[in-house]
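Undergrad: Sharing input-v8.cif here; it has mmCIF, C-alpha atoms.
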```cif
data_start
loop_
_atom_site.label_atom_id
_atom_site.label_comp_id
_atom_site.auth_asym_id
_atom_site.auth_seq_id
_atom_site.Cartn_x
_atom_site.Cartn_y
_atom_site.Cartn_z
CA MET I 8 -29.20 123.90 -115.12
CA TYR I 9 -31.52 121.94 -112.91
CA HIS I 10 -31.07 118.78 -110.97
CA ALA I 11 -34.04 116.47 -110.61
CA ARG I 12 -34.05 113.60 -108.20
CA ILE I 13 -36.87 111.18 -108.97
CA TYR I 14 -38.09 108.70 -106.39
CA VAL I 15 -39.77 105.69 -107.98
CA THR I 16 -41.73 103.48 -105.60
CA LEU I 17 -44.09 100.56 -106.01
CA LYS I 18 -47.70 101.59 -105.50
CA LYS I 19 -48.82 101.09 -101.92
CA SER I 20 -51.41 98.51 -102.94
CA ILE I 21 -48.73 96.30 -104.48
CA LEU I 22 -46.78 93.72 -102.57
CA ASP I 23 -43.03 94.41 -102.77
CA PRO I 24 -41.21 91.05 -102.84
CA ARG I 25 -37.75 92.63 -102.48
CA GLY I 26 -38.89 94.74 -99.54
CA LYS I 27 -40.48 91.71 -97.96
CA ALA I 28 -37.29 89.64 -98.25
CA SER I 29 -35.17 92.47 -96.82
CA PHE I 30 -37.68 92.89 -94.00
CA GLY I 31 -37.29 89.19 -93.16
CA ALA I 32 -33.50 89.50 -93.21
CA LEU I 33 -33.54 92.56 -90.94
CA LYS I 34 -35.73 90.70 -88.49
CA ASN I 35 -33.36 87.72 -88.59
CA ILE I 36 -30.38 89.87 -87.63
CA GLY I 37 -32.19 91.44 -84.72
CA PHE I 38 -33.98 94.57 -85.95
CA SER I 39 -37.18 93.96 -84.08
CA GLY I 40 -38.41 97.58 -84.17
CA ILE I 41 -38.78 97.77 -87.96
CA SER I 42 -42.32 97.00 -89.00
CA ASP I 43 -42.11 97.23 -92.79
CA VAL I 44 -39.64 97.62 -95.66
CA ARG I 45 -40.42 98.93 -99.12
CA ILE I 46 -37.72 99.25 -101.76
CA GLY I 47 -37.79 101.77 -104.60
CA LYS I 48 -35.25 103.44 -106.80
CA VAL I 49 -33.77 106.88 -107.29
CA VAL I 50 -33.11 108.41 -110.70
CA ASP I 51 -30.99 111.59 -110.96
CA LEU I 52 -31.35 113.81 -113.99
CA ASN I 53 -29.38 116.89 -114.99
CA ILE I 54 -31.65 119.07 -117.07
CA GLU I 55 -30.91 122.10 -119.25
CA ALA I 56 -33.99 124.29 -119.07
CA ALA I 57 -34.87 127.99 -119.09
CA ASP I 58 -36.78 127.86 -115.82
CA GLU I 59 -38.03 125.58 -113.11
CA GLN I 60 -41.37 124.99 -114.73
CA GLU I 61 -39.79 123.83 -117.97
CA ALA I 62 -37.36 121.57 -116.09
CA ARG I 63 -40.20 120.00 -114.12
CA GLY I 64 -42.14 119.43 -117.33
CA ILE I 65 -39.18 117.63 -118.90
CA ALA I 66 -38.69 115.46 -115.83
CA ARG I 67 -42.38 114.58 -115.65
CA ASN I 68 -42.45 113.70 -119.35
CA ALA I 69 -39.39 111.45 -118.93
CA CYS I 70 -41.14 109.67 -116.06
CA GLU I 71 -44.37 109.15 -117.93
CA LYS I 72 -42.71 108.02 -121.15
CA LEU I 73 -39.96 105.75 -119.88
CA LEU I 74 -38.71 105.95 -116.30
CA VAL I 75 -41.91 104.93 -114.52
CA ASN I 76 -44.50 102.26 -115.24
CA GLU I 77 -47.62 103.81 -113.81
CA VAL I 78 -49.43 100.48 -113.75
CA MET I 79 -47.34 99.53 -110.73
CA GLU I 80 -45.20 102.50 -109.73
CA ASP I 81 -45.61 105.99 -108.28
CA TYR I 82 -43.03 108.76 -108.52
CA GLU I 83 -42.07 112.03 -106.92
CA ILE I 84 -39.82 114.69 -108.41
CA GLU I 85 -37.47 116.78 -106.28
CA LEU I 86 -36.14 119.70 -108.31
CA LYS I 87 -33.24 122.02 -107.51
CA ALA I 88 -31.39 124.69 -109.45
CA ALA I 89 -27.80 123.54 -109.97
CA ALA I 90 -24.58 125.25 -111.05
CA LYS I 91 -23.88 125.06 -114.78
CA GLN I 92 -21.58 122.20 -115.67
CA ALA I 93 -18.25 123.14 -117.18
CA MET K 3 -48.79 77.35 -148.33
CA SER K 4 -46.14 78.32 -145.85
CA VAL K 5 -46.71 80.90 -143.17
CA LYS K 6 -43.97 83.54 -142.91
CA PHE K 7 -42.75 84.11 -139.39
CA GLY K 8 -40.56 87.02 -138.32
CA VAL K 9 -38.61 86.62 -135.07
CA LEU K 10 -37.49 89.93 -133.56
CA VAL K 11 -33.95 90.20 -132.24
CA PHE K 12 -33.07 92.75 -129.56
CA PRO K 13 -29.69 93.15 -127.90
CA GLY K 14 -30.06 90.57 -125.13
CA SER K 15 -32.66 88.33 -126.77
CA ASN K 16 -31.69 84.72 -126.08
CA CYS K 17 -34.67 82.64 -127.19
CA ASP K 18 -34.66 83.99 -130.74
CA HIS K 19 -32.77 80.97 -132.09
CA ASP K 20 -35.02 78.53 -130.23
CA ALA K 21 -38.06 80.21 -131.76
CA TYR K 22 -36.42 80.16 -135.19
CA HIS K 23 -35.58 76.47 -134.83
CA ALA K 24 -39.09 75.58 -133.65
CA LEU K 25 -40.84 77.46 -136.45
CA LYS K 26 -38.47 76.72 -139.31
CA HIS K 27 -37.11 73.25 -138.66
CA VAL K 28 -39.78 71.64 -136.53
CA MET K 29 -42.95 73.30 -137.84
CA GLY K 30 -41.49 73.72 -141.36
CA ASN K 31 -42.35 77.33 -142.04
CA GLU K 32 -40.51 80.21 -143.64
CA THR K 33 -38.87 82.11 -140.80
CA ARG K 34 -36.50 85.03 -140.65
CA PHE K 35 -34.90 87.18 -137.99
CA ILE K 36 -35.81 90.87 -137.80
CA TRP K 37 -33.18 93.08 -136.15
CA HIS K 38 -34.60 95.60 -133.72
CA LYS K 39 -33.21 98.53 -135.75
CA GLU K 40 -35.34 97.65 -138.76
CA HIS K 41 -38.31 99.92 -139.47
CA ASP K 42 -40.11 97.53 -141.76
CA LEU K 43 -41.38 94.01 -141.07
CA GLY K 44 -41.43 93.12 -144.76
CA ASP K 45 -43.96 90.50 -145.78
CA VAL K 46 -44.15 88.47 -142.57
CA ASP K 47 -47.53 87.04 -141.54
CA VAL K 48 -46.74 86.54 -137.86
CA VAL K 49 -44.37 88.39 -135.52
CA VAL K 50 -42.67 86.55 -132.66
CA VAL K 51 -41.26 88.68 -129.84
CA PRO K 52 -38.89 86.18 -128.21
CA GLY K 53 -37.66 85.74 -124.68
CA GLY K 54 -34.38 86.88 -123.20
CA PHE K 55 -33.09 89.92 -121.40
CA SER K 56 -33.48 92.74 -123.87
CA TYR K 57 -31.21 95.62 -122.83
CA GLY K 58 -30.17 93.60 -119.79
CA ASP K 59 -33.61 94.20 -118.22
CA TYR K 60 -32.26 97.62 -117.20
CA LEU K 61 -34.85 99.98 -115.73
CA ARG K 62 -37.66 97.37 -116.07
CA SER K 63 -38.01 94.25 -118.18
CA GLY K 64 -39.00 95.30 -121.70
CA ALA K 65 -39.06 99.02 -120.87
CA ILE K 66 -36.25 100.01 -123.20
CA ALA K 67 -36.87 97.48 -125.98
CA ARG K 68 -40.30 98.92 -126.57
CA PHE K 69 -38.66 102.05 -127.98
CA SER K 70 -36.61 100.11 -130.53
CA PRO K 71 -37.51 101.22 -134.08
CA VAL K 72 -38.97 97.82 -134.94
CA MET K 73 -41.59 98.11 -132.18
CA LYS K 74 -43.32 100.98 -133.96
CA ALA K 75 -43.74 98.68 -136.95
CA VAL K 76 -44.97 95.89 -134.65
CA VAL K 77 -47.59 98.17 -133.05
CA ASP K 78 -48.82 99.26 -136.52
CA PHE K 79 -48.86 95.62 -137.65
CA ALA K 80 -50.85 94.58 -134.57
CA ASN K 81 -53.29 97.47 -134.92
CA LYS K 82 -54.02 96.31 -138.47
CA GLY K 83 -54.84 92.84 -137.15
CA GLY K 84 -51.49 91.10 -137.70
CA LEU K 85 -50.72 88.20 -135.37
CA VAL K 86 -48.12 88.92 -132.69
CA ILE K 87 -46.98 86.44 -130.04
CA GLY K 88 -44.73 87.61 -127.22
CA ILE K 89 -43.01 84.97 -125.11
CA CYS K 90 -41.56 85.68 -121.66
CA ASN K 91 -39.47 88.84 -122.14
CA GLY K 92 -41.49 89.27 -125.34
CA PHE K 93 -44.66 89.34 -123.20
CA GLN K 94 -43.01 91.96 -120.96
CA ILE K 95 -42.17 94.06 -124.04
CA LEU K 96 -45.79 93.85 -125.25
CA LEU K 97 -46.98 95.03 -121.81
CA GLU K 98 -44.56 97.96 -121.81
CA SER K 99 -45.54 98.90 -125.35
CA GLY K 100 -49.21 99.02 -124.38
CA LEU K 101 -50.30 96.28 -126.80
CA LEU K 102 -51.41 94.29 -123.75
CA PRO K 103 -52.62 95.64 -120.37
CA GLY K 104 -50.92 95.18 -116.99
CA ALA K 105 -47.34 94.82 -115.76
CA MET K 106 -44.90 92.28 -114.32
CA LEU K 107 -43.54 92.27 -110.79
CA HIS K 108 -40.70 90.18 -109.41
CA ASN K 109 -41.76 86.63 -108.70
CA ARG K 110 -43.21 86.54 -105.20
CA GLN K 111 -40.59 83.99 -104.09
CA LEU K 112 -37.89 86.35 -105.46
CA ARG K 113 -36.14 83.57 -107.33
CA PHE K 114 -35.63 83.09 -111.01
CA THR K 115 -37.82 80.07 -111.68
CA CYS K 116 -36.99 77.57 -114.40
CA LYS K 117 -39.25 74.50 -114.51
CA TYR K 118 -42.05 72.76 -116.32
CA VAL K 119 -45.53 74.03 -115.51
CA ASN K 120 -49.00 72.83 -116.47
CA LEU K 121 -51.18 75.19 -118.44
CA LYS K 122 -54.92 75.25 -118.79
CA THR K 123 -56.30 76.75 -121.99
CA GLU K 124 -59.02 79.10 -120.82
CA ASN K 125 -60.02 80.26 -124.28
CA SER K 126 -59.78 77.99 -127.34
CA ASP K 127 -61.37 80.57 -129.55
CA THR K 128 -58.20 82.47 -130.45
CA PRO K 129 -55.77 82.13 -133.37
CA PHE K 130 -53.19 80.86 -130.86
CA THR K 131 -55.23 78.12 -129.24
CA SER K 132 -57.76 76.79 -131.75
CA ALA K 133 -55.76 73.60 -132.48
CA ILE K 134 -55.27 72.65 -128.83
CA PRO K 135 -57.41 69.53 -128.24
CA GLU K 136 -60.14 70.28 -125.72
CA GLY K 137 -59.19 69.44 -122.16
CA THR K 138 -55.48 69.00 -122.97
CA ILE K 139 -53.24 70.33 -120.21
CA LEU K 140 -50.09 71.74 -121.82
CA ARG K 141 -46.75 70.93 -120.24
CA ILE K 142 -44.42 73.80 -121.09
CA PRO K 143 -41.46 75.27 -119.20
CA VAL K 144 -41.23 78.71 -117.61
CA ALA K 145 -37.91 80.50 -117.07
CA HIS K 146 -38.24 83.95 -115.60
CA GLY K 147 -37.60 86.19 -112.60
CA GLU K 148 -40.42 88.63 -113.32
CA GLY K 149 -43.59 86.83 -114.26
CA ASN K 150 -45.80 87.97 -111.43
CA TYR K 151 -48.56 89.51 -113.53
CA ILE K 152 -50.54 92.40 -112.07
CA ALA K 153 -53.23 94.75 -113.24
CA ASP K 154 -55.86 96.78 -111.44
CA GLN K 155 -59.13 95.05 -110.52
CA GLU K 156 -61.04 96.70 -113.33
CA THR K 157 -58.55 95.40 -115.90
CA LEU K 158 -58.61 91.90 -114.40
CA ASP K 159 -62.42 91.89 -114.52
CA ARG K 160 -62.33 93.04 -118.13
CA LEU K 161 -59.77 90.37 -119.09
CA ARG K 162 -61.90 87.71 -117.50
CA GLY K 163 -65.18 88.99 -118.93
CA ASN K 164 -63.82 89.24 -122.47
CA GLY K 165 -62.13 85.84 -122.49
CA GLN K 166 -58.74 87.50 -122.75
CA ILE K 167 -57.19 85.21 -120.16
CA VAL K 168 -55.83 82.56 -122.51
CA PHE K 169 -53.64 80.39 -120.27
CA THR K 170 -53.59 79.83 -116.50
CA TYR K 171 -51.19 77.83 -114.33
CA CYS K 172 -52.84 74.64 -113.10
CA SER K 173 -52.22 71.15 -111.73
CA ALA K 174 -51.57 68.12 -113.96
CA THR K 175 -55.30 67.50 -113.88
CA GLY K 176 -56.31 71.06 -114.70
CA GLU K 177 -57.12 72.44 -111.28
CA VAL K 178 -56.38 76.17 -111.21
CA ASP K 179 -55.18 77.02 -107.73
CA ASP K 180 -52.57 79.22 -106.11
CA ALA K 181 -50.63 76.07 -105.16
CA PHE K 182 -49.71 75.68 -108.85
CA ASN K 183 -48.84 79.33 -109.38
CA PRO K 184 -45.05 79.57 -109.99
CA ASN K 185 -44.69 83.32 -109.51
CA GLY K 186 -47.70 84.88 -107.77
CA ALA K 187 -49.43 86.08 -110.93
CA ALA K 188 -52.94 87.49 -110.42
CA LEU K 189 -55.65 84.90 -111.17
CA ASN K 190 -52.87 82.39 -112.02
CA ILE K 191 -52.46 84.20 -115.33
CA ALA K 192 -49.82 82.67 -117.62
CA GLY K 193 -50.97 84.28 -120.86
CA ILE K 194 -53.40 86.94 -122.07
CA CYS K 195 -54.52 88.31 -125.41
CA ASN K 196 -55.82 91.69 -126.49
CA GLU K 197 -59.49 92.37 -127.15
CA ASN K 198 -59.12 91.65 -130.86
CA ARG K 199 -57.45 88.30 -130.11
CA ASN K 200 -54.54 88.96 -132.48
CA VAL K 201 -51.88 89.72 -129.85
CA LEU K 202 -50.88 87.07 -127.30
CA GLY K 203 -48.39 87.37 -124.46
CA MET K 204 -47.36 84.34 -122.41
CA MET K 205 -44.66 83.66 -119.83
CA PRO K 206 -44.09 79.94 -120.58
CA HIS K 207 -41.88 79.02 -123.54
CA PRO K 208 -43.71 77.00 -126.22
CA GLU K 209 -40.61 77.18 -128.44
CA ARG K 210 -38.74 75.11 -125.84
CA ALA K 211 -41.38 72.39 -125.93
CA VAL K 212 -41.62 71.29 -129.55
CA GLU K 213 -39.72 67.98 -129.51
CA LYS K 214 -40.68 64.96 -127.43
CA GLU K 215 -37.02 63.98 -127.14
CA LEU K 216 -36.44 67.17 -125.15
CA GLY K 217 -39.25 66.60 -122.68
CA SER K 218 -42.46 67.87 -124.25
CA ALA K 219 -43.88 68.73 -127.65
CA ASP K 220 -46.96 70.53 -126.30
CA GLY K 221 -45.71 73.90 -127.55
CA GLN K 222 -46.41 72.65 -131.06
CA PHE K 223 -50.15 72.99 -130.42
CA ILE K 224 -49.78 76.75 -130.13
CA PHE K 225 -47.71 77.09 -133.32
CA LYS K 226 -50.03 74.68 -135.12
CA SER K 227 -52.99 76.86 -134.12
CA ILE K 228 -51.28 79.93 -135.55
CA ILE K 229 -50.36 78.19 -138.79
CA GLU K 230 -53.84 76.73 -139.30
CA HIS K 231 -55.37 80.11 -138.57
CA MET K 232 -53.13 81.86 -141.11
CA ILE K 233 -53.86 79.26 -143.79
CA SER K 234 -57.60 79.54 -143.21
CA VAL K 235 -57.80 83.34 -143.56
#
```
Please express the file's structure as structure tokens.

TA:
Amino acid sequence: MYHARIYVTLKKSILDPRGKASFGALKNIGFSGISDVRIGKVVDLNIEAADEQEARGIARNACEKLLVNEVMEDYEIELKAAAKQA
Amino acid sequence: MSVKFGVLVFPGSNCDHDAYHALKHVMGNETRFIWHKEHDLGDVDVVVVPGGFSYGDYLRSGAIARFSPVMKAVVDFANKGGLVIGICNGFQILLESGLLPGAMLHNRQLRFTCKYVNLKTENSDTPFTSAIPEGTILRIPVAHGEGNYIADQETLDRLRGNGQIVFTYCSATGEVDDAFNPNGAALNIAGICNENRNVLGMMPHPERAVEKELGSADGQFIFKSIIEHMISV
């Protein structure tokens, strides 16, 4: 069993309206030291696979096919071996 | 001759009945609903992908609907030259399915925006716009939270060069400027078509603007264009 944590972020070149609004709110409540906010999402997958390479392949395929829209988003996969689920 | 329209229905579609009403009762054409689990479009001439919140907009607008069985049939239909019009969430589904290029971001002002906008027809030489009188500015409502169209520069250049930008947001007198852009869309884009001109995606809702009594009947021009095109081929 493998656990994949996928970080989906808007491409750097793309303005992030939610990040921008949160940035404004943080400034309003006194966080003057923060210079930028970008908001993404995290997707956790439990994957049954024979080895790490296979698990990574499955995760990457899931990103490319459904989880990520590569027109506007980037992603990073963090993969760990996990204990078998009962 | 009557043109046969098929209106797709996904879980979460909410403009399907408006589209049905506009096409069947106002425009007077044969219209039927097509459930998203169907694999076959039957004998329809035109497919309408309606607005709404298919699958609750989970993950991304349109991202899950594009894998509904019916979308495979729609892609085949479009690739054979069949006319497909996607409105609002329908446009988002067409983007996710790859029938049209680009993607939708949250509106730059972060609010769901529901209001009348003015549209300039940038290309009258499409099956969706040929009956729009030259110079007419269409008054049609938008209602969306994610209509901020983006694509890379190369795609935008290609869209512009090929005449694939069909509608832009403009002033009441037809001036295209960022001041009249309701969501931040690149180049004020409100609607685009594919290279073959048989697939159109647009954020504004022509099906909500077909009766003068309800504010505007300008949406009729788009449906009239489609119907005249289908009768002429």

Undergrad: Please enumerate the residues selected by the PyMOL selection byres ((chain K) within 7 of (chain I)) when evaluated against the supplied file, formatted as a PyMOL selection string.

TA: chain K and resi 65+104-105+108+110+112+153

Undergrad: Hey, what's within 12 Å of Ser42 (chain I) if we count all atoms listed in the file and toss same-chain stuff fewer than 2 positions away? As a PyMOL selection string, please?

TA: chain I and resi 26-27+29-31+33-34+38-40+44-45

Undergrad: Between I:His10, I:Tyr82, I:Thr16, I:Ala90, which residue has the minimum interatomic distance to Gly47 (chain I), considering all atoms listed in the file?

TA: I:Thr16

Undergrad: Any idea what's packed within 10 Å of Asp51 (chain I), counting only C-alpha atoms, ignoring anything in its chain fewer than 3 positions away? Could you give it as a ChimeraX atom specification?

TA: /I:10-14,54,66,84-86

Undergrad: Which residues, written as a list in words, have at least one atom at most 7 Å from Phe130 (chain K), with only C-alpha atoms counted and residues fewer than 3 positions away on the same chain left out?

TA: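 So, after excluding close chain neighbours, the residues are Ile224, Ser227 and Ile228 of chain K.
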
Undergrad: Pick out the closest residue to Gly203 (chain K) from this set: K:Ser132, K:Gln166, K:Asp47, K:Phe182. Count all atoms listed in the file.

TA: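 Among the listed residues, the smallest separation from Gly203 (chain K) belongs to K:Gln166.
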
Undergrad: Sorted by chain and rising residue number, which residues of region 79-168 of chain K lie within 12 Å of region 212-217 of chain K, and what are their closest atom pairs and distances in Å to one decimal, counting all atoms listed in the file, as JSON lines?

TA:
```
{"residue": "K:Lys117", "atom": "CA", "partner": "K:Gly217", "partner_atom": "CA", "distance": 11.4}
{"residue": "K:Tyr118", "atom": "CA", "partner": "K:Gly217", "partner_atom": "CA", "distance": 9.3}
{"residue": "K:Leu140", "atom": "CA", "partner": "K:Val212", "partner_atom": "CA", "distance": 11.5}
{"residue": "K:Arg141", "atom": "CA", "partner": "K:Gly217", "partner_atom": "CA", "distance": 9.0}
{"residue": "K:Ile142", "atom": "CA", "partner": "K:Gly217", "partner_atom": "CA", "distance": 9.0}
{"residue": "K:Pro143", "atom": "CA", "partner": "K:Gly217", "partner_atom": "CA", "distance": 9.6}
```

Undergrad: Just the number, please: distance in Å from CA of Ala62 (chain I) to CA of Tyr9 (chain I), one decimal.

TA: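 The value is 6.7 Å.
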
Undergrad: Could you work out how far CA of Ser99 (chain K) lies from CA of Val76 (chain K), giving the answer in Å with one decimal?

TA: 9.8 Å

Undergrad: Mind giving me the straight-line distance from CA of Ile95 (chain K) to CA of Pro208 (chain K) in Å, one decimal?

TA: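 Between CA of Ile95 (chain K) and CA of Pro208 (chain K) the gap works out to 17.3 Å.
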
Undergrad: Do a neighbour search on Thr157 (chain K) at 12 Å with only C-alpha atoms, toss out local chain neighbours closer than 4 positions, and write the hits as number ranges by chain.

TA: I: 78; K: 102-105, 151-153, 161-164, 166-167, 188-189, 194, 196-197

Undergrad: How would you write, as a list in words, the residues chosen by the PyMOL selection byres ((chain K and resi 116) around 12) on this structure?

TA: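 Residues picked by the PyMOL selection byres ((chain K and resi 116) around 12): Cys90, Asn109, Arg113, Phe114, Thr115, Lys117, Tyr118, Val119, Ile142, Pro143, Val144, Ala145, His146, Gly147, Glu148, Gly149, Pro184, Asn185, Met205, Pro206, His207 and Arg210 of chain K.
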
Undergrad: For the file shown, what are the residues hit by the PyMOL selection byres ((chain K and resi 35) around 6), laid out as a list of chain:residue names?

TA: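 Evaluating the PyMOL selection byres ((chain K and resi 35) around 6) on these coordinates yields K:Gly8, K:Val9, K:Leu10, K:Arg34, K:Ile36.
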
Undergrad: Write out as a short mmCIF file (atom, residue, chain, number, x, y, z; two decimals) with C-alpha atoms, in the coordinates of the input which residues come within 8 Å of Cys17 (chain K) when counting all atoms listed in the file, dropping same-chain ones fewer than 3 positions away.

TA:
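The file below, selection-v1.cif, is the result:
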```
data_model
loop_
_atom_site.label_atom_id
_atom_site.label_comp_id
_atom_site.auth_asym_id
_atom_site.auth_seq_id
_atom_site.Cartn_x
_atom_site.Cartn_y
_atom_site.Cartn_z
CA ASP K 20 -35.02 78.53 -130.23
CA ALA K 21 -38.06 80.21 -131.76
CA PRO K 52 -38.89 86.18 -128.21
CA GLY K 53 -37.66 85.74 -124.68
CA GLY K 54 -34.38 86.88 -123.20
#
```

Undergrad: Would you compute the box with edges along x, y and z of the file around region 83-90 of chain K, including every atom the file lists for it and 8 Å extra on each side, and give its centre and edge lengths in Å to one decimal, as lines of an AutoDock Vina configuration file?

TA:
```
center_x = -48.2
center_y = 88.9
center_z = -129.7
size_x = 29.3
size_y = 23.9
size_z = 32.0
```

Undergrad: Identify which of the residues K:Val201, K:Arg160, K:Asp127, K:Leu61 lies closest to Val15 (chain I), counting all atoms listed in the file when measuring atom-to-atom distances.

TA: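 Smallest separation from Val15 (chain I) among the options: K:Leu61.
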